[in-house]
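Text of model-v8.pdb (PDB, C-alpha atoms) as supplied:
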```pdb
MODEL        1
ATOM      1  CA  MET A  17     -77.618  18.500  94.704
ATOM      2  CA  SER A  18     -80.641  16.269  94.267
ATOM      3  CA  ILE A  19     -80.494  12.926  96.064
ATOM      4  CA  PRO A  20     -82.332  10.083  94.299
ATOM      5  CA  ALA A  21     -84.661   7.687  96.068
ATOM      6  CA  THR A  22     -82.917   4.545  94.811
ATOM      7  CA  MET A  23     -79.374   3.515  93.893
ATOM      8  CA  ARG A  24     -77.213   0.713  92.554
ATOM      9  CA  ALA A  25     -75.770  -1.460  95.307
ATOM     10  CA  LEU A  26     -74.183  -4.851  95.905
ATOM     11  CA  GLN A  27     -76.412  -6.949  98.135
ATOM     12  CA  GLN A  28     -75.305 -10.072 100.008
ATOM     13  CA  SER A  29     -78.241 -12.467  99.679
ATOM     14  CA  SER A  30     -76.930 -15.353 101.819
ATOM     15  CA  LEU A  31     -73.928 -16.391 103.899
ATOM     16  CA  ASP A  32     -72.510 -18.445 101.059
ATOM     17  CA  GLY A  33     -69.518 -16.223 100.324
ATOM     18  CA  PRO A  34     -68.862 -13.668  97.563
ATOM     19  CA  LYS A  35     -70.749 -15.747  94.989
ATOM     20  CA  SER A  36     -73.947 -14.688  96.773
ATOM     21  CA  LEU A  37     -73.187 -11.002  96.207
ATOM     22  CA  HIS A  38     -75.431  -9.480  93.537
ATOM     23  CA  LEU A  39     -75.884  -6.063  91.955
ATOM     24  CA  ILE A  40     -79.349  -4.618  92.479
ATOM     25  CA  PRO A  41     -80.456  -1.479  90.605
ATOM     26  CA  ASP A  42     -83.066  -0.116  92.991
ATOM     27  CA  ALA A  43     -81.811  -0.279  96.566
ATOM     28  CA  PRO A  44     -83.242   2.529  98.719
ATOM     29  CA  VAL A  45     -80.868   5.404  99.382
ATOM     30  CA  PRO A  46     -80.309   5.470 103.172
ATOM     31  CA  THR A  47     -81.208   8.488 105.297
ATOM     32  CA  PRO A  48     -78.626   9.724 107.819
ATOM     33  CA  GLY A  49     -79.775   9.498 111.413
ATOM     34  CA  PRO A  50     -78.564  11.547 114.393
ATOM     35  CA  GLY A  51     -74.788  11.925 114.304
ATOM     36  CA  GLU A  52     -74.539  10.480 110.796
ATOM     37  CA  VAL A  53     -73.696  11.808 107.349
ATOM     38  CA  LEU A  54     -74.728  10.613 103.908
ATOM     39  CA  ILE A  55     -71.993  10.482 101.290
ATOM     40  CA  ARG A  56     -72.124  10.000  97.558
ATOM     41  CA  VAL A  57     -69.595   7.205  97.320
ATOM     42  CA  GLY A  58     -66.695   7.934  95.010
ATOM     43  CA  ALA A  59     -64.769   4.775  95.878
ATOM     44  CA  ALA A  60     -65.255   1.809  98.180
ATOM     45  CA  GLY A  61     -62.432  -0.313  99.545
ATOM     46  CA  VAL A  62     -62.494  -4.109  99.365
ATOM     47  CA  ASN A  63     -61.268  -5.778 102.560
ATOM     48  CA  PHE A  64     -61.003  -9.287 103.979
ATOM     49  CA  VAL A  65     -63.670  -8.244 106.468
ATOM     50  CA  ASP A  66     -66.115  -8.197 103.551
ATOM     51  CA  ILE A  67     -65.256 -11.822 102.819
ATOM     52  CA  SER A  68     -65.577 -12.844 106.468
ATOM     53  CA  GLN A  69     -68.990 -11.194 106.651
ATOM     54  CA  SER A  70     -70.103 -12.905 103.441
ATOM     55  CA  HIS A  71     -69.416 -16.274 105.093
ATOM     56  CA  GLY A  72     -70.992 -15.285 108.412
ATOM     57  CA  VAL A  73     -67.765 -15.739 110.395
ATOM     58  CA  PHE A  74     -67.314 -12.076 111.325
ATOM     59  CA  ALA A  75     -68.378 -11.740 114.960
ATOM     60  CA  GLY A  76     -71.535  -9.642 115.196
ATOM     61  CA  GLY A  77     -71.635  -9.078 111.453
ATOM     62  CA  PRO A  78     -74.706  -8.164 109.389
ATOM     63  CA  GLN A  79     -77.299 -10.734 108.384
ATOM     64  CA  PRO A  80     -78.566 -11.164 104.813
ATOM     65  CA  PRO A  81     -79.897  -9.513 102.902
ATOM     66  CA  TYR A  82     -77.603  -6.539 103.422
ATOM     67  CA  VAL A  83     -75.676  -4.053 101.304
ATOM     68  CA  ALA A  84     -72.062  -5.168 101.585
ATOM     69  CA  GLY A  85     -68.851  -3.184 102.069
ATOM     70  CA  ILE A  86     -67.353  -1.517 105.132
ATOM     71  CA  GLU A  87     -65.038   1.191 103.721
ATOM     72  CA  ALA A  88     -66.235   4.177 101.702
ATOM     73  CA  ALA A  89     -64.914   7.560 100.594
ATOM     74  CA  GLY A  90     -66.941  10.285  98.966
ATOM     75  CA  GLU A  91     -68.662  13.651  99.084
ATOM     76  CA  VAL A  92     -70.890  14.583 102.036
ATOM     77  CA  VAL A  93     -74.354  15.299 100.600
ATOM     78  CA  ALA A  94     -76.601  15.278 103.690
ATOM     79  CA  LEU A  95     -76.195  15.724 107.436
ATOM     80  CA  GLY A  96     -78.099  13.962 110.195
ATOM     81  CA  GLU A  97     -79.423  15.715 113.273
ATOM     82  CA  GLY A  98     -76.788  17.126 115.588
ATOM     83  CA  VAL A  99     -73.852  16.795 113.195
ATOM     84  CA  SER A 100     -71.216  19.497 113.534
ATOM     85  CA  GLY A 101     -67.672  19.801 112.269
ATOM     86  CA  VAL A 102     -68.509  18.183 108.938
ATOM     87  CA  GLU A 103     -69.609  20.357 106.039
ATOM     88  CA  LEU A 104     -71.650  19.549 102.970
ATOM     89  CA  GLY A 105     -69.493  19.149  99.892
ATOM     90  CA  THR A 106     -66.376  17.963 101.730
ATOM     91  CA  HIS A 107     -64.840  14.613 100.897
ATOM     92  CA  VAL A 108     -64.384  12.157 103.737
ATOM     93  CA  ILE A 109     -63.582   8.500 104.309
ATOM     94  CA  GLY A 110     -65.009   6.262 106.973
ATOM     95  CA  VAL A 111     -66.042   2.768 108.005
ATOM     96  CA  THR A 112     -69.540   1.336 108.212
ATOM     97  CA  ILE A 113     -68.877  -1.986 109.903
ATOM     98  CA  MET A 114     -72.414  -3.321 109.375
ATOM     99  CA  GLY A 115     -72.178  -2.836 105.617
ATOM    100  CA  GLY A 116     -73.417  -0.290 103.107
ATOM    101  CA  ALA A 117     -70.236   0.871 101.347
ATOM    102  CA  PHE A 118     -70.687  -1.041  98.072
ATOM    103  CA  ALA A 119     -73.307   1.374  96.801
ATOM    104  CA  GLU A 120     -73.734   4.768  95.195
ATOM    105  CA  TYR A 121     -74.638   6.312  98.574
ATOM    106  CA  ALA A 122     -73.668   5.291 102.090
ATOM    107  CA  VAL A 123     -74.227   6.473 105.663
ATOM    108  CA  LEU A 124     -71.249   6.973 107.994
ATOM    109  CA  MET A 125     -70.941   8.073 111.603
ATOM    110  CA  ALA A 126     -69.837  11.696 111.404
ATOM    111  CA  ALA A 127     -67.464  11.393 114.362
ATOM    112  CA  GLY A 128     -65.679   8.479 112.678
ATOM    113  CA  THR A 129     -65.036  10.149 109.342
ATOM    114  CA  VAL A 130     -61.666  11.525 108.295
ATOM    115  CA  SER A 131     -61.249  14.358 105.814
ATOM    116  CA  LEU A 132     -59.152  13.493 102.781
ATOM    117  CA  PRO A 133     -55.622  14.922 102.608
ATOM    118  CA  PRO A 134     -55.456  17.948 100.278
ATOM    119  CA  GLY A 135     -55.347  16.975  96.619
ATOM    120  CA  TRP A 136     -56.228  13.306  97.178
ATOM    121  CA  THR A 137     -59.093  11.652  95.321
ATOM    122  CA  ASP A 138     -61.612   9.341  96.983
ATOM    123  CA  GLU A 139     -59.908   6.380  95.335
ATOM    124  CA  GLN A 140     -56.425   7.410  96.534
ATOM    125  CA  ALA A 141     -57.653   7.723 100.134
ATOM    126  CA  LEU A 142     -58.822   4.124 100.458
ATOM    127  CA  GLY A 143     -56.923   2.467 103.278
ATOM    128  CA  LEU A 144     -56.690   5.564 105.472
ATOM    129  CA  VAL A 145     -59.103   4.183 108.063
ATOM    130  CA  VAL A 146     -58.611   0.406 107.670
ATOM    131  CA  SER A 147     -55.408  -0.932 106.094
ATOM    132  CA  TRP A 148     -53.005   1.847 107.016
ATOM    133  CA  PRO A 149     -53.866   2.259 110.710
ATOM    134  CA  THR A 150     -53.973  -1.539 111.057
ATOM    135  CA  ALA A 151     -50.421  -1.817 109.729
ATOM    136  CA  LEU A 152     -49.193   1.063 111.885
ATOM    137  CA  ALA A 153     -50.890  -0.188 115.061
ATOM    138  CA  ALA A 154     -49.503  -3.688 114.507
ATOM    139  CA  LEU A 155     -45.966  -2.371 114.079
ATOM    140  CA  LYS A 156     -45.701   0.300 116.749
ATOM    141  CA  PRO A 157     -48.042   0.573 119.750
ATOM    142  CA  LEU A 158     -48.827  -3.158 119.769
ATOM    143  CA  GLY A 159     -45.794  -4.680 118.052
ATOM    144  CA  GLN A 160     -43.306  -2.315 119.738
ATOM    145  CA  LEU A 161     -41.040  -2.382 116.679
ATOM    146  CA  GLU A 162     -37.690  -0.636 117.151
ATOM    147  CA  SER A 163     -34.904   0.286 114.772
ATOM    148  CA  GLY A 164     -32.528  -2.618 114.191
ATOM    149  CA  GLN A 165     -35.142  -5.290 114.852
ATOM    150  CA  THR A 166     -36.391  -7.845 112.337
ATOM    151  CA  VAL A 167     -40.025  -8.254 111.304
ATOM    152  CA  LEU A 168     -41.733 -11.010 109.309
ATOM    153  CA  ILE A 169     -44.713  -9.684 107.346
ATOM    154  CA  HIS A 170     -47.157 -12.209 105.921
ATOM    155  CA  ALA A 171     -49.388 -11.303 102.935
ATOM    156  CA  ALA A 172     -46.824  -8.603 102.185
ATOM    157  CA  ALA A 173     -48.236  -7.886  98.728
ATOM    158  CA  GLY A 174     -51.709  -7.096 100.052
ATOM    159  CA  GLY A 175     -53.118  -3.696 100.898
ATOM    160  CA  THR A 176     -52.131  -3.830 104.575
ATOM    161  CA  GLY A 177     -48.937  -5.763 103.900
ATOM    162  CA  GLN A 178     -47.542  -3.243 101.435
ATOM    163  CA  VAL A 179     -48.031  -0.367 103.867
ATOM    164  CA  ALA A 180     -46.498  -2.458 106.658
ATOM    165  CA  VAL A 181     -43.363  -3.087 104.562
ATOM    166  CA  LYS A 182     -42.975   0.636 103.829
ATOM    167  CA  LEU A 183     -43.468   1.637 107.453
ATOM    168  CA  ALA A 184     -41.222  -1.072 108.880
ATOM    169  CA  LYS A 185     -38.389   0.091 106.626
ATOM    170  CA  HIS A 186     -39.056   3.696 107.642
ATOM    171  CA  TYR A 187     -38.707   2.683 111.287
ATOM    172  CA  GLY A 188     -35.330   1.067 110.610
ATOM    173  CA  ALA A 189     -36.302  -2.610 110.694
ATOM    174  CA  THR A 190     -35.042  -5.500 108.603
ATOM    175  CA  VAL A 191     -38.055  -6.807 106.691
ATOM    176  CA  ILE A 192     -38.681 -10.425 105.755
ATOM    177  CA  ALA A 193     -41.670 -10.370 103.407
ATOM    178  CA  ALA A 194     -43.765 -13.456 102.694
ATOM    179  CA  ALA A 195     -45.852 -13.544  99.515
ATOM    180  CA  SER A 196     -46.429 -15.836  96.564
ATOM    181  CA  PRO A 197     -43.423 -15.816  94.181
ATOM    182  CA  ASP A 198     -45.331 -14.038  91.397
ATOM    183  CA  LYS A 199     -45.768 -11.057  93.752
ATOM    184  CA  HIS A 200     -42.154 -10.865  94.953
ATOM    185  CA  GLU A 201     -41.118  -8.121  92.546
ATOM    186  CA  VAL A 202     -43.841  -5.828  93.879
ATOM    187  CA  VAL A 203     -42.732  -6.361  97.481
ATOM    188  CA  LYS A 204     -39.051  -5.999  96.596
ATOM    189  CA  LYS A 205     -39.720  -2.527  95.171
ATOM    190  CA  LEU A 206     -41.212  -1.529  98.526
ATOM    191  CA  GLY A 207     -37.865  -2.149 100.192
ATOM    192  CA  ALA A 208     -38.177  -5.660 101.642
ATOM    193  CA  ASP A 209     -34.772  -7.069 102.587
ATOM    194  CA  HIS A 210     -35.660 -10.740 102.149
ATOM    195  CA  LEU A 211     -38.431 -12.452 100.177
ATOM    196  CA  MET A 212     -40.123 -15.697 101.163
ATOM    197  CA  ASP A 213     -42.602 -17.979  99.426
ATOM    198  CA  SER A 214     -45.635 -17.672 101.685
ATOM    199  CA  ARG A 215     -46.688 -21.259 100.902
ATOM    200  CA  SER A 216     -43.288 -22.862 101.399
ATOM    201  CA  SER A 217     -42.934 -25.583 104.017
ATOM    202  CA  GLU A 218     -39.387 -24.288 104.549
ATOM    203  CA  LEU A 219     -40.444 -20.770 105.573
ATOM    204  CA  VAL A 220     -39.582 -21.204 109.254
ATOM    205  CA  THR A 221     -36.265 -22.866 108.423
ATOM    206  CA  GLU A 222     -35.341 -19.967 106.153
ATOM    207  CA  VAL A 223     -36.351 -17.356 108.732
ATOM    208  CA  LEU A 224     -34.242 -19.045 111.385
ATOM    209  CA  ARG A 225     -31.320 -19.237 108.964
ATOM    210  CA  LEU A 226     -31.562 -15.509 108.246
ATOM    211  CA  THR A 227     -31.675 -14.704 111.964
ATOM    212  CA  ASP A 228     -28.878 -17.066 113.028
ATOM    213  CA  GLY A 229     -31.379 -19.337 114.711
ATOM    214  CA  ALA A 230     -32.863 -16.636 116.953
ATOM    215  CA  GLY A 231     -36.119 -15.898 115.127
ATOM    216  CA  VAL A 232     -37.663 -12.515 114.364
ATOM    217  CA  ASP A 233     -38.576  -9.834 116.879
ATOM    218  CA  LEU A 234     -42.039  -9.306 115.399
ATOM    219  CA  VAL A 235     -44.464 -11.174 113.139
ATOM    220  CA  LEU A 236     -47.444  -9.548 111.433
ATOM    221  CA  GLU A 237     -49.904 -12.432 111.061
ATOM    222  CA  SER A 238     -52.990 -11.962 108.910
ATOM    223  CA  VAL A 239     -53.279 -15.341 107.210
ATOM    224  CA  GLY A 240     -54.236 -17.916 109.828
ATOM    225  CA  GLY A 241     -54.553 -21.597 108.993
ATOM    226  CA  ALA A 242     -51.221 -23.418 108.790
ATOM    227  CA  THR A 243     -49.388 -20.092 108.520
ATOM    228  CA  PHE A 244     -50.300 -19.296 112.118
ATOM    229  CA  GLU A 245     -48.157 -22.156 113.404
ATOM    230  CA  ALA A 246     -45.276 -20.968 111.215
ATOM    231  CA  SER A 247     -45.622 -17.463 112.646
ATOM    232  CA  LEU A 248     -45.316 -18.756 116.201
ATOM    233  CA  ALA A 249     -42.305 -20.909 115.318
ATOM    234  CA  ALA A 250     -40.559 -18.026 113.519
ATOM    235  CA  ALA A 251     -40.780 -15.589 116.446
ATOM    236  CA  LYS A 252     -37.933 -15.103 118.902
ATOM    237  CA  ARG A 253     -38.390 -16.998 122.149
ATOM    238  CA  ILE A 254     -39.480 -14.979 125.217
ATOM    239  CA  THR A 255     -39.243 -11.507 123.640
ATOM    240  CA  GLY A 256     -40.794 -12.180 120.216
ATOM    241  CA  ARG A 257     -44.212 -10.709 119.423
ATOM    242  CA  VAL A 258     -46.867 -12.051 117.059
ATOM    243  CA  VAL A 259     -49.628  -9.573 116.203
ATOM    244  CA  VAL A 260     -52.660 -11.351 114.734
ATOM    245  CA  PHE A 261     -55.109  -9.239 112.727
ATOM    246  CA  GLY A 262     -56.562 -11.566 110.096
ATOM    247  CA  LEU A 263     -57.513 -15.126 109.198
ATOM    248  CA  ALA A 264     -57.579 -15.215 105.408
ATOM    249  CA  ASP A 265     -56.808 -18.943 105.313
ATOM    250  CA  GLY A 266     -59.120 -19.889 108.150
ATOM    251  CA  GLU A 267     -59.001 -20.316 111.907
ATOM    252  CA  ALA A 268     -56.072 -21.659 113.893
ATOM    253  CA  SER A 269     -55.690 -22.574 117.540
ATOM    254  CA  ILE A 270     -53.096 -22.560 120.289
ATOM    255  CA  THR A 271     -53.164 -24.038 123.780
ATOM    256  CA  ASN A 272     -51.674 -22.892 127.061
ATOM    257  CA  TRP A 273     -49.354 -25.935 126.818
ATOM    258  CA  ASP A 274     -48.070 -24.565 123.492
ATOM    259  CA  LEU A 275     -47.274 -21.205 125.074
ATOM    260  CA  VAL A 276     -45.499 -22.705 128.061
ATOM    261  CA  TYR A 277     -43.513 -25.471 126.392
ATOM    262  CA  LYS A 278     -43.384 -24.852 122.636
ATOM    263  CA  HIS A 279     -43.875 -21.204 121.655
ATOM    264  CA  GLN A 280     -42.856 -18.807 124.426
ATOM    265  CA  VAL A 281     -43.971 -15.662 122.595
ATOM    266  CA  HIS A 282     -46.135 -12.602 123.124
ATOM    267  CA  LEU A 283     -49.397 -13.207 121.246
ATOM    268  CA  ILE A 284     -51.380 -10.032 120.517
ATOM    269  CA  GLY A 285     -54.781  -9.800 118.839
ATOM    270  CA  LEU A 286     -55.743  -6.741 116.792
ATOM    271  CA  ASN A 287     -59.120  -5.723 115.423
ATOM    272  CA  ILE A 288     -59.088  -2.104 114.309
ATOM    273  CA  GLY A 289     -62.768  -1.628 115.206
ATOM    274  CA  SER A 290     -62.186  -2.895 118.738
ATOM    275  CA  LEU A 291     -59.097  -0.709 119.034
ATOM    276  CA  ILE A 292     -61.151   2.357 118.130
ATOM    277  CA  GLN A 293     -63.848   1.499 120.670
ATOM    278  CA  SER A 294     -61.760   0.183 123.556
ATOM    279  CA  ALA A 295     -58.584   2.249 123.247
ATOM    280  CA  PRO A 296     -59.484   5.461 121.384
ATOM    281  CA  HIS A 297     -56.397   7.190 122.786
ATOM    282  CA  ILE A 298     -54.155   4.621 121.084
ATOM    283  CA  PHE A 299     -56.114   4.926 117.849
ATOM    284  CA  GLY A 300     -55.777   8.697 118.071
ATOM    285  CA  GLN A 301     -52.018   8.350 118.432
ATOM    286  CA  VAL A 302     -51.925   6.008 115.435
ATOM    287  CA  MET A 303     -53.920   8.405 113.249
ATOM    288  CA  GLY A 304     -51.840  11.364 114.386
ATOM    289  CA  GLU A 305     -48.627   9.582 113.489
ATOM    290  CA  MET A 306     -50.085   8.409 110.188
ATOM    291  CA  PHE A 307     -51.007  11.918 109.092
ATOM    292  CA  GLY A 308     -47.559  13.054 110.165
ATOM    293  CA  LEU A 309     -46.072  10.412 107.862
ATOM    294  CA  ILE A 310     -48.306  11.675 105.062
ATOM    295  CA  ALA A 311     -47.238  15.277 105.680
ATOM    296  CA  SER A 312     -43.570  14.288 105.588
ATOM    297  CA  GLY A 313     -43.962  12.284 102.383
ATOM    298  CA  VAL A 314     -43.289   8.846 103.886
ATOM    299  CA  LEU A 315     -46.792   7.813 102.844
ATOM    300  CA  GLY A 316     -48.380   9.124  99.673
ATOM    301  CA  PRO A 317     -51.672   8.739  97.829
ATOM    302  CA  GLY A 318     -52.741   5.148  97.360
ATOM    303  CA  ALA A 319     -52.940   3.511  93.955
ATOM    304  CA  PRO A 320     -55.552   0.772  94.262
ATOM    305  CA  THR A 321     -56.672  -1.463  91.440
ATOM    306  CA  ALA A 322     -60.048   0.003  90.472
ATOM    307  CA  ARG A 323     -63.072  -2.010  89.348
ATOM    308  CA  GLU A 324     -66.624  -0.995  88.491
ATOM    309  CA  LEU A 325     -69.274  -1.771  91.099
ATOM    310  CA  SER A 326     -70.734  -4.576  88.999
ATOM    311  CA  ASP A 327     -67.338  -6.330  89.108
ATOM    312  CA  GLY A 328     -67.490  -6.469  92.911
ATOM    313  CA  PRO A 329     -68.429 -10.149  93.276
ATOM    314  CA  GLN A 330     -65.536 -11.168  91.033
ATOM    315  CA  ALA A 331     -63.141  -8.829  92.855
ATOM    316  CA  LEU A 332     -64.059 -10.362  96.219
ATOM    317  CA  GLN A 333     -63.628 -13.885  94.881
ATOM    318  CA  GLU A 334     -60.164 -12.968  93.589
ATOM    319  CA  LEU A 335     -59.222 -11.467  96.956
ATOM    320  CA  GLU A 336     -60.483 -14.586  98.717
ATOM    321  CA  ALA A 337     -58.326 -16.704  96.398
ATOM    322  CA  ARG A 338     -55.406 -14.358  97.204
ATOM    323  CA  THR A 339     -54.648 -13.703  93.541
ATOM    324  CA  THR A 340     -54.776  -9.923  93.923
ATOM    325  CA  VAL A 341     -51.965  -7.455  94.594
ATOM    326  CA  GLY A 342     -52.406  -4.365  96.741
ATOM    327  CA  LYS A 343     -55.641  -2.562  97.519
ATOM    328  CA  LEU A 344     -58.844  -3.137  95.532
ATOM    329  CA  ALA A 345     -61.343  -0.347  94.897
ATOM    330  CA  LEU A 346     -64.908  -0.440  93.629
ATOM    331  CA  LEU A 347     -66.177   2.651  91.817
ATOM    332  CA  PRO A 348     -69.937   2.835  92.341
ATOM    333  CA  SER A 349     -70.649   5.915  90.214
ATOM    334  CA  PRO A 350     -67.814   6.406  87.716
ATOM    335  CA  SER A 351     -70.081   8.262  85.292
ATOM    336  CA  LEU A 352     -71.312  10.851  87.797
ATOM    337  CA  PRO A 353     -69.768  14.341  87.563
ATOM    338  CA  ALA A 354     -67.349  15.379  90.290
TER     339      ALA A 354
ENDMDL
END
```
Could the structure of this file be written out as structure tokens, please?
Amino acid sequence: MSIPATMRALQQSSLDGPKSLHLIPDAPVPTPGPGEVLIRVGAAGVNFVDISQSHGVFAGGPQPPYVAGIEAAGEVVALGEGVSGVELGTHVIGVTIMGGAFAEYAVLMAAGTVSLPPGWTDEQALGLVVSWPTALAALKPLGQLESGQTVLIHAAAGGTGQVAVKLAKHYGATVIAAASPDKHEVVKKLGADHLMDSRSSELVTEVLRLTDGAGVDLVLESVGGATFEASLAAAKRITGRVVVFGLADGEASITNWDLVYKHQVHLIGLNIGSLIQSAPHIFGQVMGEMFGLIASGVLGPGAPTARELSDGPQALQELEARTTVGKLALLPSPSLPA
């Protein structure tokens, strides 16, 4: 196929948040370097990382102007030098942590791409390399969740939260799901045992009531801000684990005094990019288990809410305001033939 010289893309012009994200019609199509592949993007995933980068609070993130977006799925249309094991015409999904996914074409590291499960579309595969492994890593190798334990999942109606609810139930846990009340029905259908108002000042009191005062065995914390303190208070003393993998509501802090005298819990940080780089064997185990869950039907094709590329700035603002439900997808080239 012929590859054009320019493309439509969403460019972040300043570190002033999603409102500084603009559609440009003539961004240069990138050229894959050694070990890289060029894909024609069929769908791009919207993640909280994109919001963090747009505000300049993502450690080591790209500097404006840059093409935004970290998660892309599509057809491989060109191979960089030395690439093997990836064929032209195959559909893959991958992460480009320095941006580039919110465009009609994107470059990915070949070694970091994952082939789509048979029969899945680009759109249905979103989450395979970001949301899903994050949820699984937080629950199992890091969170050490076991059957019969209780887990509190914040932002349970989000892309990562929904997968976490499904997986926690599959592993035999009792799930307490926190989300805004208008999203409770969605989370209930996923199998959550108890529903909490994520903004309620009584959240910790209710969690302790449900657990006979003991607290939960595991908390999946992706919100930050005031919710972080609630997560620590809701975890079981001494053996409780709090896995932190997001800060949607801003930063929060804890002191060594807090850990010794107030919250005697296991506090675990998770960044999926760091996990891939620093503990590839653990990430490999996570991906192996995830594809096993797909093969057995526990996890099926995703069903994100799809928006056209030009709607990207609005979609990111809605995600930042936490008014969205589930995964968001941007479709850069909906009119192009398959």
The PyMOL selection byres ((chain A and resi 221-231) around 8) on the file shown: which residues, as a PyMOL selection string? chain A and resi 192+218-220+232-233+249-253+256
Show me, as a PyMOL selection string, the residues that have an atom within 12 Å of Gly300 in chain A when counting all atoms listed in the file, minus same-chain residues fewer than 6 positions from it. chain A and resi 128+130+145+149+152-153+157+288+291-294+306-307
Near-Leu263 in chain A list (9 Å; only C-alpha atoms; drop same-chain fewer than 6 positions) as an NGL selection string: :A and (64 or 68 or 237-241 or 244)
Can you pull out every residue within 6 Å of Ala25 in chain A, counting all atoms listed in the file, but drop anything in the same chain fewer than 6 positions away, and send it as an mmCIF file with C-alpha atoms, in the frame of the given file?
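As a result, out-v5.cif now contains:
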```cif
data_model
loop_
_atom_site.group_PDB
_atom_site.id
_atom_site.type_symbol
_atom_site.label_atom_id
_atom_site.label_comp_id
_atom_site.auth_asym_id
_atom_site.auth_seq_id
_atom_site.Cartn_x
_atom_site.Cartn_y
_atom_site.Cartn_z
ATOM 1 C CA LEU A 39 -75.884 -6.063 91.955
ATOM 2 C CA ILE A 40 -79.349 -4.618 92.479
ATOM 3 C CA PHE A 118 -70.687 -1.041 98.072
ATOM 4 C CA ALA A 119 -73.307 1.374 96.801
#
```
Take the PyMOL selection byres ((chain A and resi 83) around 6), run it mentally on this structure, and tell me the resulting residues as a PDB file with C-alpha atoms, in the frame of the given file.
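expr.pdb, freshly written:
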```
ATOM      1  CA  LEU A  26     -74.183  -4.851  95.905  1.00  0.00           C
ATOM      2  CA  GLN A  27     -76.412  -6.949  98.135  1.00  0.00           C
ATOM      3  CA  TYR A  82     -77.603  -6.539 103.422  1.00  0.00           C
ATOM      4  CA  ALA A  84     -72.062  -5.168 101.585  1.00  0.00           C
ATOM      5  CA  GLY A 115     -72.178  -2.836 105.617  1.00  0.00           C
ATOM      6  CA  GLY A 116     -73.417  -0.290 103.107  1.00  0.00           C
TER       7      GLY A 116
END
```
Report as a PyMOL selection string the full result of the PyMOL selection byres ((chain A and resi 131-135) around 7) when it is applied to this structure. chain A and resi 107-109+129-130+136-137+141
Which residue out of A:Ala75, A:Leu234, A:Gly85, A:Ile55 has the minimum interatomic distance to Thr106 in chain A when all atoms listed in the file are used?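 Of the candidates, the smallest distance to Thr106 in chain A is held by A:Ile55.
For Pro78 in chain A, the set of protein, DNA and RNA residues having any atom at most 9 Å away, when counting all atoms listed in the file and skipping those fewer than 6 positions along the same chain, is Gln69, Ser70, Gly72, Ala84, Ile113, Met114 and Gly115 of chain A.
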Residue with smallest distance to Pro44 in chain A - pool A:Val179, A:Leu347, A:Ala122, A:Ile86, counting all atoms listed in the file: A:Ala122
Near-His282 in chain A list (8 Å; only C-alpha atoms; drop same-chain fewer than 3 positions) as a list of chain:residue names: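 Counting only C-alpha atoms, the residues come to A:Ile254, A:Thr255, A:Gly256, A:Arg257, A:Val258.
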Choose the residue, out of A:Asp198, A:Glu305, A:Leu248, A:Ala208, that has the smallest atom-to-atom separation from Lys185 in chain A; count all atoms listed in the file.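 Nearest to Lys185 in chain A: A:Ala208.
Shortest atom-to-atom contact with Leu155 in chain A among A:Thr22, A:Ser269, A:Thr176, A:Ser247: A:Thr176, counting all atoms listed in the file.
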How big is the axis-aligned box around all listed atoms of range 113-119 of chain A once 3 Å goes on each side, and where's its centre, in Å to one decimal, as lines of an AutoDock Vina configuration file?
```
center_x = -71.1
center_y = -1.0
center_z = 103.4
size_x = 10.5
size_y = 10.7
size_z = 19.1
```
What is the distance, in Å and to one decimal place, between CA of Arg56 in chain A and CA of Thr150 in chain A?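 So the answer is 25.4 Å.
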How many Å lie between CA of Val111 in chain A and CA of Trp148 in chain A, rounded to one decimal?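 These atoms are spaced 13.1 Å apart.
Relative to CA of Pro320 in chain A, CA of Glu201 in chain A is found at 17.0 Å.
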Restricting the calculation to only C-alpha atoms, which member of A:Gly188, A:Gly175, A:Gly33, A:Pro48 is positioned closest to Gly318 in chain A?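 Going through A:Gly188, A:Gly175, A:Gly33, A:Pro48 one by one, the smallest distance to Gly318 in chain A is for A:Gly175.
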